[in-house]
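Shown below: work20.pdb, with PDB, C-alpha atoms.
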```
ATOM      1  CA  MET A   9     -46.020  37.277  94.052
ATOM      2  CA  LEU A  10     -45.108  40.123  91.743
ATOM      3  CA  ARG A  11     -41.783  41.937  91.544
ATOM      4  CA  VAL A  12     -42.202  45.710  91.616
ATOM      5  CA  LYS A  13     -39.990  48.650  90.786
ATOM      6  CA  ASP A  14     -41.303  51.200  93.304
ATOM      7  CA  PRO A  15     -43.128  49.746  96.325
ATOM      8  CA  LYS A  16     -44.603  53.104  97.299
ATOM      9  CA  ARG A  17     -46.437  53.449  93.986
ATOM     10  CA  SER A  18     -47.449  49.781  93.875
ATOM     11  CA  VAL A  19     -48.776  49.650  97.440
ATOM     12  CA  GLU A  20     -50.689  52.875  96.759
ATOM     13  CA  PHE A  21     -52.320  51.300  93.682
ATOM     14  CA  TYR A  22     -53.415  48.118  95.434
ATOM     15  CA  LYS A  23     -54.663  50.080  98.435
ATOM     16  CA  PHE A  24     -56.715  52.165  95.988
ATOM     17  CA  LEU A  25     -58.292  48.861  94.934
ATOM     18  CA  GLY A  26     -59.300  48.398  98.561
ATOM     19  CA  LEU A  27     -56.571  46.052  99.760
ATOM     20  CA  SER A  28     -54.746  46.670 103.036
ATOM     21  CA  GLN A  29     -51.124  45.994 103.864
ATOM     22  CA  ILE A  30     -51.373  43.102 106.320
ATOM     23  CA  ASN A  31     -47.653  42.371 106.717
ATOM     24  CA  LYS A  32     -44.180  43.460 105.641
ATOM     25  CA  LEU A  33     -41.020  41.391 105.876
ATOM     26  CA  ASP A  34     -37.634  43.046 105.478
ATOM     27  CA  PHE A  35     -34.453  41.210 104.532
ATOM     28  CA  PRO A  36     -31.788  43.948 104.575
ATOM     29  CA  GLU A  37     -28.936  41.452 104.379
ATOM     30  CA  ASN A  38     -30.359  40.236 101.071
ATOM     31  CA  LYS A  39     -31.526  43.724 100.052
ATOM     32  CA  PHE A  40     -35.211  43.062  99.488
ATOM     33  CA  SER A  41     -38.566  43.554 101.228
ATOM     34  CA  LEU A  42     -41.898  41.755 100.885
ATOM     35  CA  TYR A  43     -45.254  43.535 101.127
ATOM     36  CA  PHE A  44     -48.406  41.487 101.706
ATOM     37  CA  LEU A  45     -51.819  42.954 100.858
ATOM     38  CA  ALA A  46     -55.319  41.547 101.228
ATOM     39  CA  TYR A  47     -58.910  42.613 101.833
ATOM     40  CA  ASP A  48     -59.097  43.274 105.541
ATOM     41  CA  SER A  49     -62.429  45.002 106.200
ATOM     42  CA  PRO A  50     -65.306  43.544 108.258
ATOM     43  CA  GLN A  51     -66.972  42.588 104.933
ATOM     44  CA  SER A  52     -63.975  40.548 103.785
ATOM     45  CA  ILE A  53     -63.971  36.749 103.775
ATOM     46  CA  SER A  54     -60.941  36.198 106.012
ATOM     47  CA  GLY A  55     -59.986  39.617 107.359
ATOM     48  CA  SER A  56     -59.722  38.515 110.989
ATOM     49  CA  ARG A  57     -57.326  35.648 110.289
ATOM     50  CA  HIS A  58     -53.535  35.393 110.514
ATOM     51  CA  TRP A  59     -51.906  36.572 107.298
ATOM     52  CA  THR A  60     -50.852  33.003 106.435
ATOM     53  CA  ASP A  61     -54.482  31.873 106.772
ATOM     54  CA  ARG A  62     -55.943  34.052 104.005
ATOM     55  CA  SER A  63     -57.395  33.028 100.651
ATOM     56  CA  GLY A  64     -56.478  36.018  98.496
ATOM     57  CA  VAL A  65     -53.138  37.675  99.235
ATOM     58  CA  VAL A  66     -50.991  39.771  96.890
ATOM     59  CA  GLU A  67     -47.265  39.687  97.643
ATOM     60  CA  LEU A  68     -45.094  42.459  96.214
ATOM     61  CA  THR A  69     -41.318  41.938  96.162
ATOM     62  CA  HIS A  70     -39.053  44.991  96.096
ATOM     63  CA  ASN A  71     -35.348  44.602  95.457
ATOM     64  CA  TYR A  72     -33.606  47.613  96.948
ATOM     65  CA  GLY A  73     -32.553  50.293  94.492
ATOM     66  CA  THR A  74     -34.867  49.431  91.608
ATOM     67  CA  GLU A  75     -36.987  52.514  92.307
ATOM     68  CA  ASN A  76     -33.996  54.699  91.358
ATOM     69  CA  ASP A  77     -32.813  52.608  88.424
ATOM     70  CA  PRO A  78     -34.144  54.068  85.139
ATOM     71  CA  SER A  79     -33.241  50.863  83.285
ATOM     72  CA  TYR A  80     -35.227  48.552  85.590
ATOM     73  CA  SER A  81     -38.508  47.111  84.370
ATOM     74  CA  VAL A  82     -40.448  43.883  84.664
ATOM     75  CA  VAL A  83     -42.215  41.697  82.116
ATOM     76  CA  ASN A  84     -45.958  41.532  82.728
ATOM     77  CA  GLY A  85     -46.392  38.046  81.254
ATOM     78  CA  ASN A  86     -48.551  39.163  78.338
ATOM     79  CA  THR A  87     -45.980  40.091  75.696
ATOM     80  CA  GLU A  88     -44.128  37.752  73.353
ATOM     81  CA  PRO A  89     -41.835  35.950  73.823
ATOM     82  CA  HIS A  90     -42.394  36.156  77.576
ATOM     83  CA  ARG A  91     -46.045  35.195  77.947
ATOM     84  CA  GLY A  92     -46.961  33.086  80.962
ATOM     85  CA  PHE A  93     -48.563  34.755  83.959
ATOM     86  CA  GLY A  94     -51.652  36.589  82.742
ATOM     87  CA  HIS A  95     -53.252  38.656  85.463
ATOM     88  CA  LEU A  96     -54.691  39.050  88.914
ATOM     89  CA  ALA A  97     -58.475  39.471  89.072
ATOM     90  CA  ILE A  98     -60.519  41.645  91.421
ATOM     91  CA  SER A  99     -64.287  41.176  91.616
ATOM     92  CA  VAL A 100     -66.174  44.407  92.290
ATOM     93  CA  ASP A 101     -69.660  45.597  93.201
ATOM     94  CA  ASN A 102     -70.192  47.592  89.991
ATOM     95  CA  ILE A 103     -67.754  47.235  87.122
ATOM     96  CA  GLU A 104     -68.627  50.507  85.396
ATOM     97  CA  LEU A 105     -68.318  52.592  88.573
ATOM     98  CA  ALA A 106     -65.187  50.759  89.724
ATOM     99  CA  CYS A 107     -63.492  51.373  86.369
ATOM    100  CA  LYS A 108     -64.544  55.029  86.306
ATOM    101  CA  ARG A 109     -63.008  55.486  89.747
ATOM    102  CA  LEU A 110     -59.735  53.941  88.514
ATOM    103  CA  GLU A 111     -59.776  56.010  85.322
ATOM    104  CA  ASP A 112     -60.463  59.225  87.254
ATOM    105  CA  ALA A 113     -57.441  58.426  89.429
ATOM    106  CA  GLY A 114     -55.269  58.334  86.324
ATOM    107  CA  TYR A 115     -54.625  54.597  86.040
ATOM    108  CA  ALA A 116     -54.166  53.207  82.522
ATOM    109  CA  PHE A 117     -56.343  50.472  81.048
ATOM    110  CA  GLN A 118     -55.453  47.588  78.778
ATOM    111  CA  LYS A 119     -59.174  47.120  78.146
ATOM    112  CA  LYS A 120     -62.142  49.159  79.320
ATOM    113  CA  PRO A 121     -65.609  47.623  79.743
ATOM    114  CA  THR A 122     -66.732  49.337  76.540
ATOM    115  CA  ASP A 123     -63.899  47.822  74.466
ATOM    116  CA  GLY A 124     -64.516  44.695  72.404
ATOM    117  CA  ARG A 125     -67.302  42.181  72.769
ATOM    118  CA  MET A 126     -66.859  41.297  76.442
ATOM    119  CA  LYS A 127     -68.573  44.090  78.374
ATOM    120  CA  ASN A 128     -68.439  42.381  81.747
ATOM    121  CA  ILE A 129     -64.654  42.525  82.239
ATOM    122  CA  ALA A 130     -61.922  45.156  82.091
ATOM    123  CA  PHE A 131     -58.161  45.175  82.547
ATOM    124  CA  VAL A 132     -56.415  47.986  84.412
ATOM    125  CA  LYS A 133     -52.614  48.207  84.564
ATOM    126  CA  ASP A 134     -50.745  48.517  87.836
ATOM    127  CA  PRO A 135     -47.677  50.826  88.036
ATOM    128  CA  ASP A 136     -45.394  48.100  86.629
ATOM    129  CA  GLY A 137     -47.744  47.202  83.779
ATOM    130  CA  TYR A 138     -49.141  43.997  85.279
ATOM    131  CA  TRP A 139     -52.739  43.404  84.214
ATOM    132  CA  VAL A 140     -55.454  43.403  86.878
ATOM    133  CA  GLU A 141     -58.754  42.086  85.601
ATOM    134  CA  ILE A 142     -61.885  43.789  86.941
ATOM    135  CA  VAL A 143     -64.843  41.404  86.971
ATOM    136  CA  ARG A 144     -68.450  41.705  88.011
ATOM    137  CA  GLY A 145     -68.855  40.480  91.559
ATOM    138  CA  GLN A 146     -72.603  40.023  91.563
ATOM    139  CA  ASP A 147     -75.265  39.260  88.992
ATOM    140  CA  THR A 148     -77.002  42.599  89.211
ATOM    141  CA  ASP A 149     -75.325  45.776  90.362
ATOM    142  CA  ALA A 150     -77.931  48.263  89.185
ATOM    143  CA  ASN A 151     -78.634  49.321  92.769
ATOM    144  CA  VAL A 152     -75.014  50.299  93.441
ATOM    145  CA  SER A 153     -74.772  54.078  93.176
ATOM    146  CA  GLN A 154     -71.220  54.388  94.510
ATOM    147  CA  THR A 155     -68.589  51.673  94.340
ATOM    148  CA  ASP A 156     -67.215  50.493  97.683
ATOM    149  CA  PRO A 157     -63.674  48.986  97.478
ATOM    150  CA  SER A 158     -64.081  47.378 100.909
ATOM    151  CA  THR A 159     -66.495  44.911  99.288
ATOM    152  CA  TYR A 160     -64.068  43.861  96.538
ATOM    153  CA  ARG A 161     -62.426  40.409  96.420
ATOM    154  CA  MET A 162     -58.986  39.216  95.238
ATOM    155  CA  ASN A 163     -60.761  36.657  93.088
ATOM    156  CA  HIS A 164     -58.103  34.761  91.147
ATOM    157  CA  THR A 165     -54.666  34.502  89.542
ATOM    158  CA  MET A 166     -54.376  33.462  85.896
ATOM    159  CA  LEU A 167     -51.563  31.332  84.454
ATOM    160  CA  ARG A 168     -51.264  30.056  80.887
ATOM    161  CA  ILE A 169     -50.629  26.323  80.609
ATOM    162  CA  LYS A 170     -49.314  24.076  77.859
ATOM    163  CA  ASP A 171     -51.154  20.808  78.596
ATOM    164  CA  PRO A 172     -54.447  20.938  80.550
ATOM    165  CA  GLU A 173     -54.437  17.221  81.275
ATOM    166  CA  ALA A 174     -51.063  17.433  83.020
ATOM    167  CA  SER A 175     -51.836  20.685  84.852
ATOM    168  CA  LEU A 176     -55.298  19.666  86.071
ATOM    169  CA  LYS A 177     -53.944  16.336  87.334
ATOM    170  CA  PHE A 178     -51.118  18.122  89.152
ATOM    171  CA  TYR A 179     -53.219  20.776  90.892
ATOM    172  CA  GLN A 180     -55.998  18.376  91.822
ATOM    173  CA  GLU A 181     -54.021  15.312  92.876
ATOM    174  CA  THR A 182     -50.820  16.867  94.203
ATOM    175  CA  PHE A 183     -52.306  20.042  95.733
ATOM    176  CA  GLY A 184     -55.845  18.912  96.485
ATOM    177  CA  MET A 185     -57.596  21.713  94.610
ATOM    178  CA  LYS A 186     -61.101  21.251  93.238
ATOM    179  CA  LEU A 187     -62.052  22.047  89.644
ATOM    180  CA  LEU A 188     -64.996  24.423  90.018
ATOM    181  CA  ARG A 189     -65.852  25.208  86.428
ATOM    182  CA  PHE A 190     -64.416  25.422  82.948
ATOM    183  CA  PHE A 191     -65.587  26.943  79.726
ATOM    184  CA  GLU A 192     -64.359  27.570  76.208
ATOM    185  CA  LEU A 193     -64.157  31.157  75.029
ATOM    186  CA  GLN A 194     -66.142  31.418  71.831
ATOM    187  CA  GLY A 195     -63.981  32.532  68.928
ATOM    188  CA  ALA A 196     -60.817  32.611  71.050
ATOM    189  CA  ASP A 197     -59.797  28.951  70.670
ATOM    190  CA  CYS A 198     -58.972  28.621  74.356
ATOM    191  CA  THR A 199     -60.430  27.018  77.476
ATOM    192  CA  LEU A 200     -60.414  28.469  81.006
ATOM    193  CA  TYR A 201     -60.279  26.252  84.091
ATOM    194  CA  PHE A 202     -60.995  27.577  87.596
ATOM    195  CA  LEU A 203     -59.685  25.702  90.634
ATOM    196  CA  SER A 204     -59.848  26.468  94.334
ATOM    197  CA  TYR A 205     -60.101  25.222  97.900
ATOM    198  CA  PRO A 206     -63.872  25.502  98.494
ATOM    199  CA  GLU A 207     -63.472  25.032 102.255
ATOM    200  CA  SER A 208     -61.798  28.445 102.546
ATOM    201  CA  ASN A 209     -64.677  30.322 100.880
ATOM    202  CA  PRO A 210     -68.411  30.783 101.506
ATOM    203  CA  PRO A 211     -70.948  28.481  99.809
ATOM    204  CA  LEU A 212     -71.323  28.928  96.059
ATOM    205  CA  ARG A 213     -74.230  31.104  94.966
ATOM    206  CA  GLN A 214     -76.214  28.439  93.137
ATOM    207  CA  GLY A 215     -77.851  29.602  89.933
ATOM    208  CA  ALA A 216     -75.649  32.680  89.625
ATOM    209  CA  GLN A 217     -73.990  33.475  86.310
ATOM    210  CA  ASN A 218     -70.623  33.488  88.072
ATOM    211  CA  PRO A 219     -71.222  31.532  91.293
ATOM    212  CA  ALA A 220     -67.676  32.069  92.613
ATOM    213  CA  ALA A 221     -67.542  35.808  91.911
ATOM    214  CA  GLY A 222     -67.410  36.522  95.622
ATOM    215  CA  TRP A 223     -64.620  34.037  96.304
ATOM    216  CA  GLU A 224     -60.943  34.712  96.908
ATOM    217  CA  GLY A 225     -57.744  32.928  95.985
ATOM    218  CA  MET A 226     -58.849  30.917  92.961
ATOM    219  CA  LEU A 227     -56.445  29.739  90.272
ATOM    220  CA  GLU A 228     -57.383  30.232  86.627
ATOM    221  CA  LEU A 229     -55.533  28.077  84.114
ATOM    222  CA  THR A 230     -55.775  29.230  80.489
ATOM    223  CA  TRP A 231     -55.183  26.662  77.761
ATOM    224  CA  ASN A 232     -54.675  27.976  74.242
ATOM    225  CA  HIS A 233     -55.612  25.027  72.069
ATOM    226  CA  GLY A 234     -52.726  23.375  70.303
ATOM    227  CA  THR A 235     -49.946  24.295  72.741
ATOM    228  CA  GLU A 236     -49.930  20.725  74.063
ATOM    229  CA  LYS A 237     -48.518  19.653  70.687
ATOM    230  CA  GLN A 238     -45.570  22.047  70.819
ATOM    231  CA  GLU A 239     -42.106  20.790  71.672
ATOM    232  CA  GLY A 240     -40.403  21.921  74.870
ATOM    233  CA  LYS A 241     -41.356  24.702  77.237
ATOM    234  CA  VAL A 242     -44.058  27.008  75.905
ATOM    235  CA  TYR A 243     -44.447  29.698  78.595
ATOM    236  CA  HIS A 244     -42.134  32.021  80.517
ATOM    237  CA  ASP A 245     -42.154  31.289  84.269
ATOM    238  CA  GLY A 246     -41.349  34.865  85.323
ATOM    239  CA  ASN A 247     -38.234  33.873  87.274
ATOM    240  CA  SER A 248     -35.802  33.441  84.406
ATOM    241  CA  GLU A 249     -34.635  36.687  82.854
ATOM    242  CA  PRO A 250     -36.394  38.982  82.180
ATOM    243  CA  GLN A 251     -38.254  38.644  85.461
ATOM    244  CA  GLY A 252     -41.722  39.687  86.635
ATOM    245  CA  PHE A 253     -44.258  37.334  88.197
ATOM    246  CA  GLY A 254     -42.630  35.135  90.834
ATOM    247  CA  HIS A 255     -44.956  32.468  92.202
ATOM    248  CA  ILE A 256     -48.255  31.457  93.693
ATOM    249  CA  CYS A 257     -48.287  30.288  97.307
ATOM    250  CA  VAL A 258     -50.143  27.569  99.185
ATOM    251  CA  SER A 259     -50.188  27.488 102.991
ATOM    252  CA  VAL A 260     -50.493  24.034 104.566
ATOM    253  CA  ASP A 261     -51.595  22.530 107.868
ATOM    254  CA  ASP A 262     -48.220  20.960 108.693
ATOM    255  CA  LEU A 263     -45.263  22.179 106.628
ATOM    256  CA  ASP A 264     -42.907  19.291 107.389
ATOM    257  CA  ALA A 265     -45.574  16.620 106.852
ATOM    258  CA  ALA A 266     -46.820  18.293 103.668
ATOM    259  CA  CYS A 267     -43.320  18.438 102.206
ATOM    260  CA  ALA A 268     -42.781  14.778 103.113
ATOM    261  CA  ARG A 269     -45.977  13.978 101.230
ATOM    262  CA  PHE A 270     -44.828  16.014  98.228
ATOM    263  CA  GLU A 271     -41.515  14.143  98.335
ATOM    264  CA  SER A 272     -43.356  10.816  98.217
ATOM    265  CA  GLN A 273     -45.177  12.030  95.110
ATOM    266  CA  ASN A 274     -41.885  12.732  93.335
ATOM    267  CA  VAL A 275     -42.629  16.400  92.671
ATOM    268  CA  ASN A 276     -40.122  18.561  90.864
ATOM    269  CA  TRP A 277     -38.524  20.683  93.602
ATOM    270  CA  LYS A 278     -37.089  24.141  93.096
ATOM    271  CA  LYS A 279     -36.168  24.351  96.782
ATOM    272  CA  ARG A 280     -36.657  21.826  99.571
ATOM    273  CA  LEU A 281     -37.090  22.954 103.171
ATOM    274  CA  THR A 282     -33.542  21.816 103.888
ATOM    275  CA  ASP A 283     -32.011  23.841 101.030
ATOM    276  CA  GLY A 284     -30.405  27.199 101.722
ATOM    277  CA  ARG A 285     -30.791  29.347 104.825
ATOM    278  CA  MET A 286     -34.584  29.720 104.835
ATOM    279  CA  LYS A 287     -35.902  26.517 106.439
ATOM    280  CA  ASN A 288     -39.528  27.712 106.581
ATOM    281  CA  VAL A 289     -40.337  27.851 102.861
ATOM    282  CA  ALA A 290     -40.170  25.373 100.002
ATOM    283  CA  PHE A 291     -40.809  25.744  96.269
ATOM    284  CA  ILE A 292     -42.267  23.176  93.878
ATOM    285  CA  LEU A 293     -42.385  23.476  90.086
ATOM    286  CA  ASP A 294     -45.671  22.819  88.296
ATOM    287  CA  PRO A 295     -45.789  21.142  84.834
ATOM    288  CA  ASP A 296     -45.084  24.484  83.108
ATOM    289  CA  GLY A 297     -42.237  25.434  85.438
ATOM    290  CA  TYR A 298     -44.200  27.982  87.477
ATOM    291  CA  TRP A 299     -43.026  28.171  91.088
ATOM    292  CA  ILE A 300     -45.383  27.273  93.953
ATOM    293  CA  GLU A 301     -44.245  28.400  97.384
ATOM    294  CA  ILE A 302     -45.218  26.201 100.347
ATOM    295  CA  ILE A 303     -45.523  27.840 103.782
ATOM    296  CA  GLN A 304     -46.915  26.942 107.179
ATOM    297  CA  ASN A 305     -50.406  28.140 108.049
ATOM    298  CA  GLU A 306     -49.521  29.700 111.383
ATOM    299  CA  ALA A 307     -53.136  29.675 112.524
ATOM    300  CA  LEU A 308     -53.040  25.883 112.568
ATOM    301  CA  LYS A 309     -49.521  25.239 113.807
ATOM    302  CA  GLY A 310     -46.899  27.681 115.032
ATOM    303  CA  ARG A 311     -43.697  26.793 113.257
ATOM    304  CA  SER A 312     -42.244  29.635 111.239
ATOM    305  CA  HIS A 313     -43.218  32.534 113.544
ATOM    306  CA  TRP A 314     -43.024  35.129 110.811
TER
END
```

Before we go any further, please render this structure as structure tokens.
Amino acid sequence: MLRVKDPKRSVEFYKFLGLSQINKLDFPENKFSLYFLAYDSPQSISGSRHWTDRSGVVELTHNYGTENDPSYSVVNGNTEPHRGFGHLAISVDNIELACKRLEDAGYAFQKKPTDGRMKNIAFVKDPDGYWVEIVRGQDTDANVSQTDPSTYRMNHTMLRIKDPEASLKFYQETFGMKLLRFFELQGADCTLYFLSYPESNPPLRQGAQNPAAGWEGMLELTWNHGTEKQEGKVYHDGNSEPQGFGHICVSVDDLDAACARFESQNVNWKKRLTDGRMKNVAFILDPDGYWIEIIQNEALKGRSHW
């Protein structure tokens, strides 16, 4: 979930990346609306499923009036002292053609494919300045003459973490994710860990340079070496001022049973199901204080009836 200033501009940007608006929830009494976008074409991984049963969904939160407030802005998670959330990542059929299409449309880049040593990734900025990584979605894209956004994937969300041992234990044992791969960036003094629910994606492409390039909904945890030795909280969670990134979200098979299980594991709650007026969502804090929303997968059990 990302907070946005102007939903019209933001939805237009993500639709340009090939996503479709699959749901919108309005809360006029609380003066905000939620926009949910995902890849919805016949080529997508989970386009025919209920919106709570998808692997790669972008939620945009608009608080009424921000679009007309010249002083309103968000933090994108990549500037000191508010680093934390890093980026969303979209895998594409041809990185050069996909980036040219974005550049021709007037969107600004943090990094183009030709910048720096890493030629196989780029970072485009959305209307609020959040970074969206563009990654190669297949090993060879020489035969692609025109990029097709309907084939793109919402590949992953990146969060910076203080202590990889604590974070990997939490996401694997508490949330049941699988560690797919990890690697150290040469010369960058950091390690990247990729976790996911393999059952919700097609089989890995064995032997591929990036076997999960065609997957959706992965979590990338970035550990900058040495942060585990620092005292106190290292990263900004996006929900304390100044705000920006809000949370990741996991849908579960049985919301009440899942939350009872989380309770038995002594998780750090931000909001239990019984707290407040909304009895169909809960929030758990990860080791770095990032929020994780828990919702019912309505395809498996009708409970919330969004």

Inset, instruction - With a distance cut-off of 12 Å and all atoms listed in the file, select the neighbouring residues of Glu249 of chain A, excluding the residue or stretch itself and same-chain residues fewer than 2 positions from it, and output the selection as a list of chain:residue names. - result: A:Ser81, A:Val82, A:Val83, A:Gly85, A:Pro89, A:His90, A:His244, A:Asp245, A:Gly246, A:Asn247, A:Gln251, A:Gly252, A:Phe253, A:Gly254

Inset, instruction - Please indicate the distance in Å from atom CA of Thr282 of chain A to atom CA of Ala307 of chain A, rounded to one decimal place. - result: 22.8 Å

Inset, instruction - Measuring atom to atom with only C-alpha atoms, identify which of A:Thr159, A:Ile30, A:Gln273, A:Asn84 is nearest to Pro50 of chain A. - result: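 Smallest distance to Pro50 of chain A is found for A:Thr159.
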
Inset, instruction - Point out the residue among A:Gln118, A:Gln194, A:Ser63, A:Gln29 with the least atom-to-atom distance to Glu207 of chain A, counting only C-alpha atoms. - result: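 Ranked by minimum distance to Glu207 of chain A, first place goes to A:Ser63.
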
Inset, instruction - Identify which of the residues A:Asp283, A:Glu306, A:Glu192, A:Asp134 lies closest to Asp61 of chain A, counting only C-alpha atoms when measuring atom-to-atom distances. - result: A:Glu306

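The space separating atom CA of Pro78 of chain A from atom CA of Arg11 of chain A comes to 15.7 Å.
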
Legend entry - Expected residue set, 10 Å radius at (-67.1, 39.9, 93.7), only C-alpha atoms, as an NGL selection string: :A and (97-103 or 142-147 or 159-163 or 218-224)

Legend entry - Residue neighbourhood Leu33 of chain A, 7 Å, only C-alpha atoms, exclusion window fewer than 3 positions, as a ChimeraX atom specification: /A:41-43

Inset, instruction - Determine the residue set returned by the PyMOL selection byres ((chain A and resi 165-172) around 6) for the present structure, and present it as a PyMOL selection string. - result: chain A and resi 92-96+164+173-176+227-231+235-236

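Our summary of the geometry notes that atom CA of Val242 of chain A is positioned 25.0 Å from atom CA of Gly225 of chain A.
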
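Applying the 10 Å criterion to (-49.9, 32.4, 110.7) in file coordinates and using all atoms listed in the file, one obtains the residues Arg57, His58, Trp59, Thr60, Asp61, Arg62, Ser259, Ile303, Gln304, Asn305, Glu306, Ala307, Leu308, Lys309, Gly310, Arg311, Ser312, His313 and Trp314 of chain A.
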
Legend entry - From A:Trp277, A:Tyr179, A:Phe191, A:Tyr47, residue lying nearest Gly26 of chain A [all atoms listed in the file]: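 Residue with the minimum atom-to-atom distance to Gly26 of chain A: A:Tyr47.
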
Inset, instruction - Identify, on the basis of all atoms listed in the file, every residue whose closest approach to Lys133 of chain A does not exceed 7 Å; exclude the query and any residue fewer than 2 positions from it along the same chain; express the result as a list in words. - result: Tyr115, Ala116, Phe117, Gln118, Phe131, Pro135, Gly137, Tyr138, Trp139 and Val140 of chain A

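Considering all atoms listed in the file, the residue among A:Asn86, A:Gln238, A:Ser52, A:Asn71 positioned nearest to Pro210 of chain A is A:Ser52.
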
Legend entry - Pick from A:Ser18, A:Phe40, A:Gly73, A:Ser248, whichever lies nearest to Trp299 of chain A using all atoms listed in the file: A:Ser248

List the residues matched by the PyMOL selection byres ((chain A and resi 46) around 7) in the displayed structure as a PDB file with C-alpha atoms, in the coordinates of the input, ordered by chain and then by residue number.
```pdb
ATOM      1  CA  LEU A  27     -56.571  46.052  99.760  1.00  0.00           C
ATOM      2  CA  SER A  28     -54.746  46.670 103.036  1.00  0.00           C
ATOM      3  CA  GLN A  29     -51.124  45.994 103.864  1.00  0.00           C
ATOM      4  CA  ILE A  30     -51.373  43.102 106.320  1.00  0.00           C
ATOM      5  CA  PHE A  44     -48.406  41.487 101.706  1.00  0.00           C
ATOM      6  CA  LEU A  45     -51.819  42.954 100.858  1.00  0.00           C
ATOM      7  CA  TYR A  47     -58.910  42.613 101.833  1.00  0.00           C
ATOM      8  CA  ASP A  48     -59.097  43.274 105.541  1.00  0.00           C
ATOM      9  CA  GLY A  64     -56.478  36.018  98.496  1.00  0.00           C
ATOM     10  CA  VAL A  65     -53.138  37.675  99.235  1.00  0.00           C
ATOM     11  CA  VAL A  66     -50.991  39.771  96.890  1.00  0.00           C
TER      12      VAL A  66
END
```
